[in-house]
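Q: Below you'll find the structure I mean.
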Amino acid sequence: MLKMKKTTVAIVLASVSSITQAAVFDGSSHCSEDVANKSQAVNNLIASIGDLPALKKITLEKTGTTENGYFIFDPQFSRSDRYFNCNVPLNDTIGQFDLTVHGITEDLTGTNAGCSISRVRKVSDGGKDKWFKYGTGKGFDWANISDSSIDSKQFVSYTTTLDNNFESGAVLTLKCRTTWKSGSIAVGQIEINN
């Protein structure tokens, strides 16, 4: 009987140690368009077509947060010059982890609708804190994770493995854009499993 209890305890402990921790971040709270690039694009639009037509075009575009927790990005002008960032915090309890980005694409045509993934980390440098950006070499193209034969809304996901090296003061950053031609991207959830 004692031998059976030890085996049962060992199995339970093995099961508990394999449980992962997950953190989920919604797109509406953690993603936003790069303000400097949008401001420049708006100024260029006003200069090229005038105030009133530019205002109409700006108010009709679908870019920003939605009621259901998504961040949607479908610029109607200067599509190649605009992008958005998603930032989620990392901490010193996170080593190697799986990153999953859940989103919706619709009617993507053209190329270069991608996200590059990096880590930004605060480090002490000569007695001052500075933020350094570390590329991960990871990223994805929204068109590659979408079915090009479907032009209606489709749910897509991208998963990759990254390493935070148990470092504190780090932020995971996705820098994303849509295609130069047409189509929308919406980030719903960014999930970290470690």
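Every chain in the structure tokens takes a letter, A first, then B, and so on in the order presented; its residues are numbered from 1, and the ligands are numbered from 1 following the presented order.
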From range 13-185 of chain A, collect each residue whose DSSP state is alpha helix (DSSP H) and return the set as an NGL selection string.
A: :A and (13-17 or 27-30 or 35-49 or 51-60)
Q: Could you make a table, as a Markdown table, of the residues of range 21-56 of chain A that have an atom within 12 Å of an atom of range 93-99 of chain A, each with its nearest atom pair and distance in Å to one decimal, counting only C-alpha atoms, in chain and number order?
A:
```
| residue | atom | partner | partner_atom | distance |
| --- | --- | --- | --- | --- |
| A:Gln21 | CA | A:Ile94 | CA | 9.5 |
| A:Ala22 | CA | A:Asp98 | CA | 9.4 |
| A:Ala23 | CA | A:Leu99 | CA | 9.9 |
| A:Val24 | CA | A:Leu99 | CA | 10.0 |
| A:Phe25 | CA | A:Leu99 | CA | 11.1 |
```
Q: Find, counting only C-alpha atoms, the residue in A:Gln76, A:Thr65, A:Ser32, A:Asn85 that gets nearest to Val171 in chain A.
A: A:Asn85
Q: If you measure from CA of Cys176 in chain A to CA of Gly139 in chain A, what distance in Å do you get, rounded to one decimal?
A: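 Between CA of Cys176 in chain A and CA of Gly139 in chain A the gap is 9.3 Å.
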Q: In Å, how far is it from CA of Ile185 in chain A to CA of Tyr70 in chain A?
A: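 According to the coordinates, CA of Ile185 in chain A and CA of Tyr70 in chain A are separated by 9.7 Å.
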Q: Which residue gives the smallest distance to Phe77 in chain A among A:Asn193, A:Thr178, A:Asn144, A:Ser29, with only C-alpha atoms counted?
A: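 Smallest separation from Phe77 in chain A among the options: A:Thr178.
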Q: Using only C-alpha atoms, which of the listed residues (A:Asp92, A:Glu67, A:Asp107, A:Asp74) sits closest to Ile150 in chain A?
A: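 Comparing A:Asp92, A:Glu67, A:Asp107, A:Asp74 against Ile150 in chain A, the winner is A:Asp107.
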Q: Could you pull out all residues of range 36-159 of chain A with a DSSP call of strand (DSSP E or B) and give them as a VMD selection string?
A: chain A and resid 62 to 65 71 to 74 84 to 90 96 to 109 114 to 125 128 to 141 154 to 159
Q: Distance CA of Asn87 in chain A-CA of Lys57 in chain A, one decimal place?
A: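 Here the two named atoms are 28.1 Å from each other.
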Q: Go through A:Ser28, A:Ser124, A:Thr173, A:Asn164 and flag the residue nearest Asn91 in chain A, using only C-alpha atoms for the distances.
A: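 Going through A:Ser28, A:Ser124, A:Thr173, A:Asn164 one by one, the smallest distance to Asn91 in chain A is for A:Asn164.
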Q: Measuring between only C-alpha atoms, which one of A:Phe155, A:Gly64, A:Leu52, A:Thr59 shows the shortest distance to Val35 in chain A?
A: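 For Val35 in chain A, the nearest of the given residues is A:Gly64.
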Q: Do you know which residues are at most 8 Å from Arg121 in chain A counting only C-alpha atoms, after dropping those on the same chain fewer than 3 positions away, and could you put them as a CSV table (one decimal) with C-alpha atoms, in the first residue's frame?
A:
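Saved the output as part-v4.csv:
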```csv
chain,number,residue,atom,x,y,z
A,131,TRP,CA,15.7,51.0,-23.0
A,132,PHE,CA,17.4,48.6,-25.5
A,133,LYS,CA,15.7,46.8,-28.3
A,134,TYR,CA,16.6,43.2,-29.0
A,168,SER,CA,13.1,41.7,-15.5
A,169,GLY,CA,11.9,45.0,-17.1
A,170,ALA,CA,11.2,43.5,-20.5
A,171,VAL,CA,8.4,44.2,-23.0
```
Q: Check the smallest atom-to-atom distance from each of A:Glu167, A:Thr109, A:Ser78, A:Lys128 to Ser152 in chain A using only C-alpha atoms, then report the winner.
A: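 Under the stated criterion, the closest residue is A:Thr109.
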Q: Show which residues sit within 8 Å of Ser116 in chain A, as JSON, numbers by chain. Count only C-alpha atoms, and ignore same-chain residues fewer than 2 positions away.
A: {"A": [114, 118, 137, 138, 139, 140, 174, 175, 176]}
Q: Hey, can you spit out that residue selection with N, CA and C atoms as a PDB file, in the first residue's frame?
A:
```pdb
ATOM      1  N   GLY A 114       2.932  42.324 -42.534  1.00  0.00           N
ATOM      2  CA  GLY A 114       3.642  41.497 -41.577  1.00  0.00           C
ATOM      3  C   GLY A 114       3.808  42.108 -40.213  1.00  0.00           C
ATOM      4  N   SER A 118      10.072  41.763 -31.378  1.00  0.00           N
ATOM      5  CA  SER A 118      11.304  42.086 -30.651  1.00  0.00           C
ATOM      6  C   SER A 118      11.014  42.205 -29.164  1.00  0.00           C
ATOM      7  N   GLY A 137      14.457  37.821 -34.384  1.00  0.00           N
ATOM      8  CA  GLY A 137      14.551  37.069 -35.635  1.00  0.00           C
ATOM      9  C   GLY A 137      13.243  36.390 -36.006  1.00  0.00           C
ATOM     10  N   LYS A 138      12.189  36.679 -35.250  1.00  0.00           N
ATOM     11  CA  LYS A 138      10.884  36.051 -35.492  1.00  0.00           C
ATOM     12  C   LYS A 138       9.911  37.096 -36.029  1.00  0.00           C
ATOM     13  N   GLY A 139       8.916  36.611 -36.729  1.00  0.00           N
ATOM     14  CA  GLY A 139       7.871  37.458 -37.278  1.00  0.00           C
ATOM     15  C   GLY A 139       7.005  36.638 -38.215  1.00  0.00           C
ATOM     16  N   PHE A 140       5.986  37.270 -38.747  1.00  0.00           N
ATOM     17  CA  PHE A 140       5.086  36.546 -39.642  1.00  0.00           C
ATOM     18  C   PHE A 140       4.417  37.511 -40.600  1.00  0.00           C
ATOM     19  N   LEU A 174       5.408  43.830 -30.891  1.00  0.00           N
ATOM     20  CA  LEU A 174       5.104  43.443 -32.266  1.00  0.00           C
ATOM     21  C   LEU A 174       4.910  44.728 -33.060  1.00  0.00           C
ATOM     22  N   LYS A 175       5.649  44.884 -34.133  1.00  0.00           N
ATOM     23  CA  LYS A 175       5.498  46.029 -35.031  1.00  0.00           C
ATOM     24  C   LYS A 175       4.870  45.491 -36.307  1.00  0.00           C
ATOM     25  N   CYS A 176       3.635  45.933 -36.612  1.00  0.00           N
ATOM     26  CA  CYS A 176       2.858  45.317 -37.686  1.00  0.00           C
ATOM     27  C   CYS A 176       2.347  46.350 -38.689  1.00  0.00           C
TER      28      CYS A 176
END
```
